[in-house]
Amino acid sequence: MEQIATLTWSDAWYLAPEITLSAFAVVLALLDLFAPKSWNRNFVGWLAIVGLAAAAGFVAWLMLDFQHAGDNPQVHELLGGSYRVDDFGNLLKLLFLGSSAFIVLASLGSVRTADVPIKGEFYYLMLPAALGAMVMASSGDLITLFVGLELLSITTYILVGSRKRSGVSSEAAFKYLVTGGVASAFILYGMSFLYGIAGTTNVGLIREHLGPMVTDYRALMYVSFFLMIAGFAMKVALAPFHAWAADVYQGAPTPVTSFLAVVSKGAAFAMLYRIFMNIVIFIQDDPRVHDDLYLALAVPAAAAMIVGTAGALRQQNLKRLLALSGVANAGILMIPLALQVTLLHASAFSEFFYYLLAYAFMNIGAFAVLTVVSRHSGNESLSAFAGLYHRAPWTAAAMTVLLCSLAGLPVTGGFFGKLFILFGTVQTRAYWLAAILLVTTVVSYAVYFGIIRQMYLRSGDEDGGLRIPGPAAAAIWISVAATLALGFFPKPVLGWIDSFFAVRVDFWVS
Amino acid sequence: MLENIPVLSCILLAPLVGALLVLLLPKQQGSWHRVTALVFSVIPLVLTLWLFASYQTATGGAPYTEHFTWLSIPLSRDLGQDISSMLVNFDYHLSIDGISLPLLLLTSVVSVMAAIASVHVRKRWKMYYALFLLLETGMYGVFLARDLVLFFIFFELTLIPMFFLIGVWGYFAREKAANRFLVYNGLGSAAMLLAFLILIATAGFTAVQGTDGVQIAYSGSYDVLLNNIADPNAYANMDPSQTGDAGLHLSEGLKNWAFVLLLIAFGIKIPIFPFHTWMLRVHTEAPPPVVMIHSGVLLKMGVYGLIRFAAFLLPAQLEDWSTTLAVLGVINILYGAVLACVQKEFKLVLAYSSVSHMGIVLLGIASLNEIGLQGAIYQSVSHGLISALLFLIVGTLYERTGTTQIDELGGLAKSMPFLSGILLTAGMASLGLPGLSGFVGEFLSFLGLFGSMKWLTAIGVLGVLLAAVYVLRSVLGITFGPIPDRWTDIKDARFVEAVPMIALTALIVLLGVFPSVMTDMMQQGFNGLLEQIQQRAGG
């Protein structure tokens, strides 16, 4: 029987990012409650950004601290290994916190009180959601992972429904609640089988116990794997479990949509990585498990790329379009994991993280532009972008860069992200995956250039310039700059990932 | 005087600088944009002319080569005990040789002429010239790049400006043409990327024993690939049993796949029948200066890619596929020629004639000998100049008449003697009249192929006869015969329109009379390839 480990004061330093975030969440909730009604709730948003930035600062500090400690990458385990501070988690935490901060920034000044009556809640609920994502990225225990997942899910259920007076939003929240609940149930059910076989919830111990039992419990293991994959596929919107995405994305306020697309998706991937990399990597006696699991992960990925791209082709509502593009991108993000479980491929995490980074910037930027444009024209359809070049040439140029990145055209972050993932598939000789990735990418040109066509080749109904709130403009242009920087100088970022991340230490729970 | 500056980078970057400058100029000043675009197109022309004049066949492109590592990406830190680093290297590597230099010169000439011909553009000059210059950078990059990924990036870079140039400034069905262009070429690029990555993942692999372990690198460098594929001791050529399951072996099957993918990729661009439909639309719907670039240079990127990557990297596959290539070439020649004979729209006549002429290029490549390969490049350059000239005329004509239907035109020699004279010359060059550049290219290509495939050559030559039919039918239909009343008062070409016409005509005559200005340097460019093919035939 293991002893129940408790937190000590010295652990507080390692939990500084999480503590900061929860403290900010509580304080902001109280501030929002007691501040006079007449105050504009934007100050909550600014303070939320401060909280997210402070947490990100602590994460960065921890990473540098680990790096300075010596050549061997370090980890710190808390609570008997159920929580881990390692560079896998830290890198993803930085991404989640940064993305959340950008999303809040983009929504400042562009979310209207008439639309979202609970603006205070809207801003400070981003903090527990981000906290949930952080827990998902850095836990080494099935139960802690699940707690993180639920923290993220429940807060996002509320956020999706925050356009209280809109029927679409309520419908979206309801659908998200139901599908999200089903997904959580699937994951939990799958985990229970794993616990049943291995007798522990610690991911590292599961790995050790599972190795010798493969031959006896193959069927049960597969049930567990497939249930978890199905649950996670729902969470990240992989085909054929993606049907909720378009409705929910459409109903949610646009900043929440981009939060779902970037942070929720990224966090679910983080959890998926953590579990599967740990469990699978040591079942070495049996190559069949690797092959089967590779197919179980690669087939939904391929399906998602095909279904997402094909669905986006005929989509007129831009939020639904980006939801389906998110489905296709989830498929692309799944490829490195699928390749890594074959054990032939060593660099999958860098590829995954790089594309996630590029994906985060291009999505946050595109959703920010969408917020601004649809606010002006009052609808979210493709035609809202008609003649944008004449109304706001610089915004149109920014959107063009972001769309090129989504389409994977050079020289953008999306291009190099896809290139590295594609190179991985070719290296492991998964040519069918490479072919699907390439063909869907080309078809997606038609999707994204459809928007570009509206911006440049159509004339809009209304004249007059587009007013863009300062914070939203900042978020858009930082996204564009980052997208271009990732395209022109991918080396520093990949070198940076490599300088922190080491498969042996950071993935595997000891 | 130019030895110490990176000439190739200057050629590559001058249009890009021009594009940025155009973007900074005030919107209203149309003439400023035009002059800026022209100046920054002339700079590369001057530099390529200087390169052309100072190029020594003995040293080749070595004195001008620029090479440094652009991206060196660490793949993973956690490797085996004896491996110290694992990198993916993509280089910034520019170079020229006897194959790329003529095409580079063609690009700069056609760009300048197209920039001058853009006087007829009437809306959104600023964006037009910015995209035009960006397109130029893409084209120079394609002919200069010696790294597979760099080449791919420039190849793709031409897509975006072309999409806009067709879609915004084109004729009635411009959007459909732009979409068609994008999807077809996108598919081509996808096939190319897959083939490139297959080559990089196998033949690009090198392992060097360093002091603290083996340094493993995947490289996209053309030179590295060329060496590794030819080297029997390279990992790509080792038996899979020696390298384990790392997947480094470039088997014959994989080589065939790579070759077919490259053939599809560049075949769409050239275009090879049945991938030609997008190009007909571009020919009819894009604005004439853009068609000058498209027909004059962009199609040749396909030829260049096919020779540079498919032929040089996979010579054995080229040999295996040479009959197929020749058959495809003959189909292109006859299909294009027959359809050109029945078109009523002059632009479509020219489009189908391009299909036909590009078929001759394929024959040249399929011949696998020095004469044929020289013919392929020569025909590319010559066709580039001729079709640029023809579309320059089309643009000028359309400005005045508003139509390019052959039925509606006629007798223009009376009202526009100068333009009609140039049109007649261009037509003669197109049908391969000796003394003009078209003849040399066609003659060399057919001569090359005749050695190996006599029957196919004989059938292909029929296309040249048909060329006389469709060229004379359309050109004479436009210039001679009764002149409709409404065309009696139209004015002949203006000075600004006449200058590029005269320049292009002069070049066509020059290349027709003195083919050796180019053939010598081409000869040197193909030496390596021919040696490999002969070695294989001998061994």
# chains A, B, ... in the order shown; residues from 1 in each chain; ligands from 1

$ interface_residues --of "chain B" --to "chain A" --cutoff "9 Å" --atoms "only C-alpha atoms" --output "PyMOL selection string"
chain B and resi 70-79+152-154+156-157+160+164+167-168+175+179+182-184+186-187+189-191+193-194+197-198+200-202+245-248

$ write_last_selection --atoms "C-alpha atoms" --output "JSON list (two decimals), in the first residue's frame"
[["chain", "number", "residue", "atom", "x", "y", "z"],
["B", 70, "TRP", "CA", 19.29, 28.16, -43.67],
["B", 71, "LEU", "CA", 17.66, 25.79, -41.26],
["B", 72, "SER", "CA", 19.37, 23.14, -39.27],
["B", 73, "ILE", "CA", 16.68, 21.57, -37.23],
["B", 74, "PRO", "CA", 17.43, 19.24, -34.37],
["B", 75, "LEU", "CA", 15.13, 16.27, -34.54],
["B", 76, "SER", "CA", 15.61, 14.78, -31.14],
["B", 77, "ARG", "CA", 18.03, 14.82, -28.27],
["B", 78, "ASP", "CA", 17.40, 11.36, -27.02],
["B", 79, "LEU", "CA", 19.15, 9.02, -29.33],
["B", 152, "PHE", "CA", 9.47, 24.04, -53.46],
["B", 153, "ILE", "CA", 8.93, 27.25, -51.52],
["B", 154, "PHE", "CA", 9.64, 29.40, -54.57],
["B", 156, "GLU", "CA", 4.62, 27.64, -54.33],
["B", 157, "LEU", "CA", 5.38, 31.32, -54.02],
["B", 160, "ILE", "CA", -0.40, 33.10, -54.65],
["B", 164, "PHE", "CA", -4.68, 37.18, -57.56],
["B", 167, "GLY", "CA", -8.65, 36.56, -60.31],
["B", 168, "VAL", "CA", -8.63, 40.33, -59.97],
["B", 175, "GLU", "CA", -12.45, 33.62, -60.93],
["B", 179, "ASN", "CA", -9.57, 28.54, -58.93],
["B", 182, "LEU", "CA", -4.87, 27.01, -57.92],
["B", 183, "VAL", "CA", -6.28, 23.52, -57.55],
["B", 184, "TYR", "CA", -4.38, 21.96, -60.44],
["B", 186, "GLY", "CA", -1.73, 22.79, -55.85],
["B", 187, "LEU", "CA", -2.09, 19.11, -56.68],
["B", 189, "SER", "CA", 2.92, 20.86, -55.77],
["B", 190, "ALA", "CA", 1.60, 18.21, -53.44],
["B", 191, "ALA", "CA", 2.93, 15.45, -55.68],
["B", 193, "LEU", "CA", 6.54, 17.68, -52.17],
["B", 194, "LEU", "CA", 5.86, 14.01, -51.56],
["B", 197, "LEU", "CA", 10.42, 14.23, -49.11],
["B", 198, "ILE", "CA", 10.83, 10.63, -50.22],
["B", 200, "ILE", "CA", 15.25, 13.59, -48.70],
["B", 201, "ALA", "CA", 14.30, 10.82, -46.29],
["B", 202, "THR", "CA", 16.37, 8.30, -48.21],
["B", 245, "ASP", "CA", 14.34, -0.72, -40.10],
["B", 246, "ALA", "CA", 15.30, 2.95, -40.36],
["B", 247, "GLY", "CA", 13.73, 3.07, -43.78],
["B", 248, "LEU", "CA", 16.67, 4.58, -45.61]]

$ residues_around --residues "stretch 235-247 of chain A" --least-positions-apart "6" --cutoff "7 Å" --atoms "only C-alpha atoms" --output "ChimeraX atom specification"
/A:172,175-176,180,183,265,268,300-301,303-304,307,320,323-324,327,330-331

$ closest_residue --among "B:Gly372, B:Gly435, B:Gly60, B:Gly170" --to "B:Tyr128" --atoms "only C-alpha atoms"
B:Gly170

$ residues_around --residues "B:Arg400" --least-positions-apart "6" --cutoff "9 Å" --atoms "only C-alpha atoms" --output "PyMOL selection string"
chain B and resi 487+490-491

$ atom_distance --atom1 "atom CA of A:Leu149" --atom2 "atom CA of A:Ile197"
22.8 Å

$ residues_around --residues "stretch 329-342 of chain B" --least-positions-apart "2" --cutoff "8 Å" --atoms "only C-alpha atoms" --output "PyMOL selection string"
chain B and resi 272-273+325-327+344+348-363+456+459-460+462-463+466-467+469-470+473

$ select_by_dssp --residues "stretch 183-415 of chain A" --states "helix (DSSP H, G or I)" --output "CSV table (one decimal) with C-alpha atoms, in the first residue's frame"
chain,number,residue,atom,x,y,z
A,183,ALA,CA,-16.7,11.9,-23.9
A,184,SER,CA,-15.7,12.1,-20.3
A,185,ALA,CA,-17.7,9.0,-19.6
A,186,PHE,CA,-15.9,7.1,-22.4
A,187,ILE,CA,-12.5,8.2,-21.1
A,188,LEU,CA,-13.3,7.3,-17.6
A,189,TYR,CA,-14.7,3.9,-18.6
A,190,GLY,CA,-11.5,3.2,-20.6
A,191,MET,CA,-9.4,4.2,-17.7
A,192,SER,CA,-11.3,1.9,-15.4
A,193,PHE,CA,-10.2,-1.1,-17.5
A,194,LEU,CA,-6.7,0.1,-17.4
A,195,TYR,CA,-6.9,0.3,-13.6
A,196,GLY,CA,-8.5,-3.1,-13.5
A,197,ILE,CA,-5.6,-4.7,-15.3
A,198,ALA,CA,-2.7,-2.8,-13.8
A,203,VAL,CA,0.7,6.2,-15.3
A,204,GLY,CA,4.3,5.2,-14.7
A,205,LEU,CA,3.3,2.1,-12.7
A,206,ILE,CA,0.7,1.1,-15.3
A,207,ARG,CA,3.4,1.0,-17.8
A,208,GLU,CA,5.5,-1.3,-15.7
A,209,HIS,CA,2.7,-3.5,-14.8
A,210,LEU,CA,1.2,-3.7,-18.2
A,211,GLY,CA,4.3,-5.0,-20.0
A,212,PRO,CA,4.2,-8.6,-18.8
A,213,MET,CA,0.4,-8.8,-19.0
A,214,VAL,CA,0.0,-8.1,-22.7
A,215,THR,CA,-0.5,-11.6,-23.8
A,216,ASP,CA,-3.1,-12.4,-21.1
A,217,TYR,CA,-5.1,-9.3,-21.2
A,218,ARG,CA,-4.9,-8.1,-24.8
A,219,ALA,CA,-8.7,-8.0,-25.3
A,220,LEU,CA,-9.3,-5.9,-22.1
A,221,MET,CA,-6.4,-3.6,-23.0
A,222,TYR,CA,-7.8,-3.0,-26.4
A,223,VAL,CA,-11.2,-2.2,-25.0
A,224,SER,CA,-9.6,0.3,-22.7
A,225,PHE,CA,-7.5,1.9,-25.5
A,226,PHE,CA,-10.3,2.1,-27.9
A,227,LEU,CA,-12.7,3.6,-25.3
A,228,MET,CA,-10.2,6.2,-24.4
A,229,ILE,CA,-9.3,7.0,-28.0
A,230,ALA,CA,-13.0,7.5,-28.7
A,231,GLY,CA,-13.5,9.8,-25.8
A,232,PHE,CA,-10.5,11.9,-26.7
A,233,ALA,CA,-11.5,11.9,-30.3
A,234,MET,CA,-14.7,13.5,-29.2
A,235,LYS,CA,-12.8,16.1,-27.1
A,236,VAL,CA,-10.5,17.1,-29.9
A,243,ALA,CA,-20.4,16.3,-35.2
A,244,TRP,CA,-20.8,18.6,-32.2
A,245,ALA,CA,-18.0,20.9,-33.2
A,246,ALA,CA,-19.7,23.0,-35.8
A,247,ASP,CA,-22.8,23.7,-33.7
A,248,VAL,CA,-20.9,24.5,-30.6
A,249,TYR,CA,-18.4,26.7,-32.3
A,250,GLN,CA,-21.2,28.6,-34.0
A,251,GLY,CA,-23.1,29.1,-30.8
A,254,THR,CA,-16.2,33.9,-30.8
A,255,PRO,CA,-13.4,34.2,-28.2
A,256,VAL,CA,-14.7,31.1,-26.5
A,257,THR,CA,-14.7,29.4,-29.8
A,258,SER,CA,-11.1,30.1,-30.3
A,259,PHE,CA,-10.4,28.9,-26.7
A,260,LEU,CA,-12.1,25.6,-27.6
A,261,ALA,CA,-10.2,25.4,-30.8
A,262,VAL,CA,-6.8,26.0,-29.3
A,263,VAL,CA,-6.6,25.4,-25.6
A,264,SER,CA,-9.2,22.7,-25.1
A,265,LYS,CA,-8.0,20.8,-28.1
A,266,GLY,CA,-4.4,21.2,-27.1
A,267,ALA,CA,-5.0,20.1,-23.6
A,268,ALA,CA,-6.9,17.0,-24.7
A,269,PHE,CA,-4.0,16.2,-27.0
A,270,ALA,CA,-1.6,16.7,-24.1
A,271,MET,CA,-3.4,14.2,-22.0
A,272,LEU,CA,-3.6,11.7,-24.9
A,273,TYR,CA,0.1,12.0,-25.4
A,274,ARG,CA,0.9,11.5,-21.7
A,275,ILE,CA,-1.2,8.4,-21.4
A,276,PHE,CA,-0.4,6.7,-24.6
A,277,MET,CA,3.3,7.5,-24.7
A,278,ASN,CA,3.6,6.1,-21.2
A,279,ILE,CA,1.6,3.0,-21.7
A,280,VAL,CA,2.6,1.9,-25.1
A,287,PRO,CA,4.9,-5.4,-32.0
A,288,ARG,CA,1.2,-6.1,-32.8
A,289,VAL,CA,0.1,-3.8,-30.1
A,290,HIS,CA,2.1,-1.0,-31.7
A,291,ASP,CA,0.7,-1.7,-35.2
A,292,ASP,CA,-2.9,-1.9,-33.9
A,293,LEU,CA,-2.7,1.2,-31.9
A,294,TYR,CA,-1.0,3.0,-34.7
A,295,LEU,CA,-4.0,2.2,-36.9
A,296,ALA,CA,-6.5,3.1,-34.2
A,297,LEU,CA,-4.9,6.5,-34.0
A,298,ALA,CA,-4.1,7.0,-37.6
A,299,VAL,CA,-7.5,6.1,-39.1
A,300,PRO,CA,-9.5,8.7,-37.2
A,301,ALA,CA,-6.8,11.2,-38.0
A,302,ALA,CA,-7.1,10.4,-41.7
A,303,ALA,CA,-10.9,10.5,-41.4
A,304,ALA,CA,-10.8,13.8,-39.7
A,305,MET,CA,-8.6,15.3,-42.4
A,306,ILE,CA,-10.9,14.1,-45.1
A,307,VAL,CA,-14.3,14.9,-43.4
A,308,GLY,CA,-13.2,18.2,-42.0
A,309,THR,CA,-11.9,19.5,-45.3
A,310,ALA,CA,-14.8,18.1,-47.4
A,311,GLY,CA,-17.3,19.6,-45.0
A,312,ALA,CA,-15.6,23.0,-45.0
A,313,LEU,CA,-15.8,23.2,-48.7
A,318,LEU,CA,-17.3,31.2,-41.1
A,319,LYS,CA,-17.4,29.9,-37.6
A,320,ARG,CA,-18.7,26.5,-38.8
A,321,LEU,CA,-16.0,26.6,-41.5
A,322,LEU,CA,-13.3,27.2,-39.0
A,323,ALA,CA,-14.8,24.5,-36.8
A,324,LEU,CA,-14.4,22.0,-39.6
A,325,SER,CA,-11.0,23.3,-40.4
A,326,GLY,CA,-10.3,22.6,-36.8
A,327,VAL,CA,-11.4,19.0,-37.3
A,328,ALA,CA,-9.0,18.6,-40.2
A,329,ASN,CA,-6.2,20.2,-38.1
A,330,ALA,CA,-7.0,17.8,-35.2
A,331,GLY,CA,-6.3,15.0,-37.7
A,332,ILE,CA,-3.0,16.6,-38.6
A,333,LEU,CA,-2.1,17.0,-34.9
A,334,MET,CA,-2.9,13.4,-34.3
A,335,ILE,CA,-0.4,12.1,-36.9
A,336,PRO,CA,2.8,12.6,-34.8
A,337,LEU,CA,1.3,10.7,-31.9
A,338,ALA,CA,0.2,7.9,-34.3
A,339,LEU,CA,3.7,7.7,-35.7
A,340,GLN,CA,5.3,7.8,-32.3
A,348,ALA,CA,7.2,13.4,-32.9
A,349,PHE,CA,6.7,15.8,-30.0
A,350,SER,CA,8.7,18.6,-31.6
A,351,GLU,CA,6.6,18.2,-34.7
A,352,PHE,CA,3.4,18.1,-32.7
A,353,PHE,CA,4.3,21.1,-30.6
A,354,TYR,CA,5.5,23.2,-33.5
A,355,TYR,CA,2.3,22.6,-35.4
A,356,LEU,CA,0.2,23.3,-32.3
A,357,LEU,CA,2.0,26.5,-31.8
A,358,ALA,CA,1.4,27.6,-35.4
A,359,TYR,CA,-2.2,26.4,-35.2
A,360,ALA,CA,-2.7,28.4,-32.0
A,361,PHE,CA,-1.5,31.6,-33.6
A,362,MET,CA,-3.3,31.2,-36.9
A,363,ASN,CA,-6.6,30.3,-35.2
A,364,ILE,CA,-6.5,33.0,-32.5
A,365,GLY,CA,-5.7,35.5,-35.2
A,366,ALA,CA,-8.4,34.3,-37.6
A,367,PHE,CA,-11.0,34.2,-34.9
A,368,ALA,CA,-10.0,37.7,-33.7
A,369,VAL,CA,-10.5,39.0,-37.3
A,370,LEU,CA,-13.8,37.2,-37.5
A,371,THR,CA,-14.9,38.8,-34.2
A,372,VAL,CA,-14.1,42.3,-35.5
A,373,VAL,CA,-15.6,41.8,-38.9
A,374,SER,CA,-18.8,40.0,-37.8
A,375,ARG,CA,-19.3,42.7,-35.1
A,376,HIS,CA,-19.3,45.3,-37.8
A,377,SER,CA,-21.5,43.5,-40.3
A,382,LEU,CA,-18.7,34.4,-45.7
A,383,SER,CA,-20.3,37.4,-47.2
A,384,ALA,CA,-19.4,39.5,-44.1
A,385,PHE,CA,-15.9,39.5,-45.6
A,388,LEU,CA,-12.9,43.7,-46.8
A,389,TYR,CA,-9.9,44.8,-48.9
A,390,HIS,CA,-11.6,48.0,-49.7
A,391,ARG,CA,-12.9,48.7,-46.2
A,393,PRO,CA,-6.8,46.8,-46.4
A,394,TRP,CA,-4.5,46.0,-43.5
A,395,THR,CA,-6.9,43.7,-41.8
A,396,ALA,CA,-7.5,42.0,-45.1
A,397,ALA,CA,-3.7,41.5,-45.5
A,398,ALA,CA,-3.5,40.1,-42.0
A,399,MET,CA,-6.3,37.7,-42.6
A,400,THR,CA,-4.6,36.7,-45.9
A,401,VAL,CA,-1.4,35.7,-44.0
A,402,LEU,CA,-3.4,33.8,-41.5
A,403,LEU,CA,-5.4,32.0,-44.1
A,404,CYS,CA,-2.2,31.1,-46.1
A,405,SER,CA,-0.9,29.6,-42.9
A,406,LEU,CA,-4.1,27.6,-42.4
A,407,ALA,CA,-3.8,26.4,-46.0
A,413,GLY,CA,4.2,28.7,-39.6
A,414,GLY,CA,1.5,26.4,-41.0
A,415,PHE,CA,3.7,25.5,-43.9

$ decode --residues "stretch 418-435 of chain A" --atoms "C-alpha atoms" --output "compact mmCIF listing (two decimals), in the first residue's frame"
# COMPACT_ATOMS: atom_id res chain seq x y z
CA LYS A 418 2.80 20.60 -41.98
CA LEU A 419 6.17 20.04 -43.65
CA PHE A 420 7.69 18.55 -40.51
CA ILE A 421 4.71 16.32 -39.86
CA LEU A 422 4.75 15.24 -43.48
CA PHE A 423 8.46 14.51 -43.30
CA GLY A 424 7.75 12.34 -40.29
CA THR A 425 5.19 10.32 -42.22
CA VAL A 426 7.61 9.84 -45.10
CA GLN A 427 10.41 8.83 -42.75
CA THR A 428 8.26 6.14 -41.21
CA ARG A 429 6.98 5.18 -44.66
CA ALA A 430 3.37 5.94 -43.87
CA TYR A 431 2.82 7.09 -47.43
CA TRP A 432 -0.94 6.74 -47.32
CA LEU A 433 -1.12 9.21 -44.44
CA ALA A 434 1.20 11.55 -46.34
CA ALA A 435 -0.98 11.32 -49.42
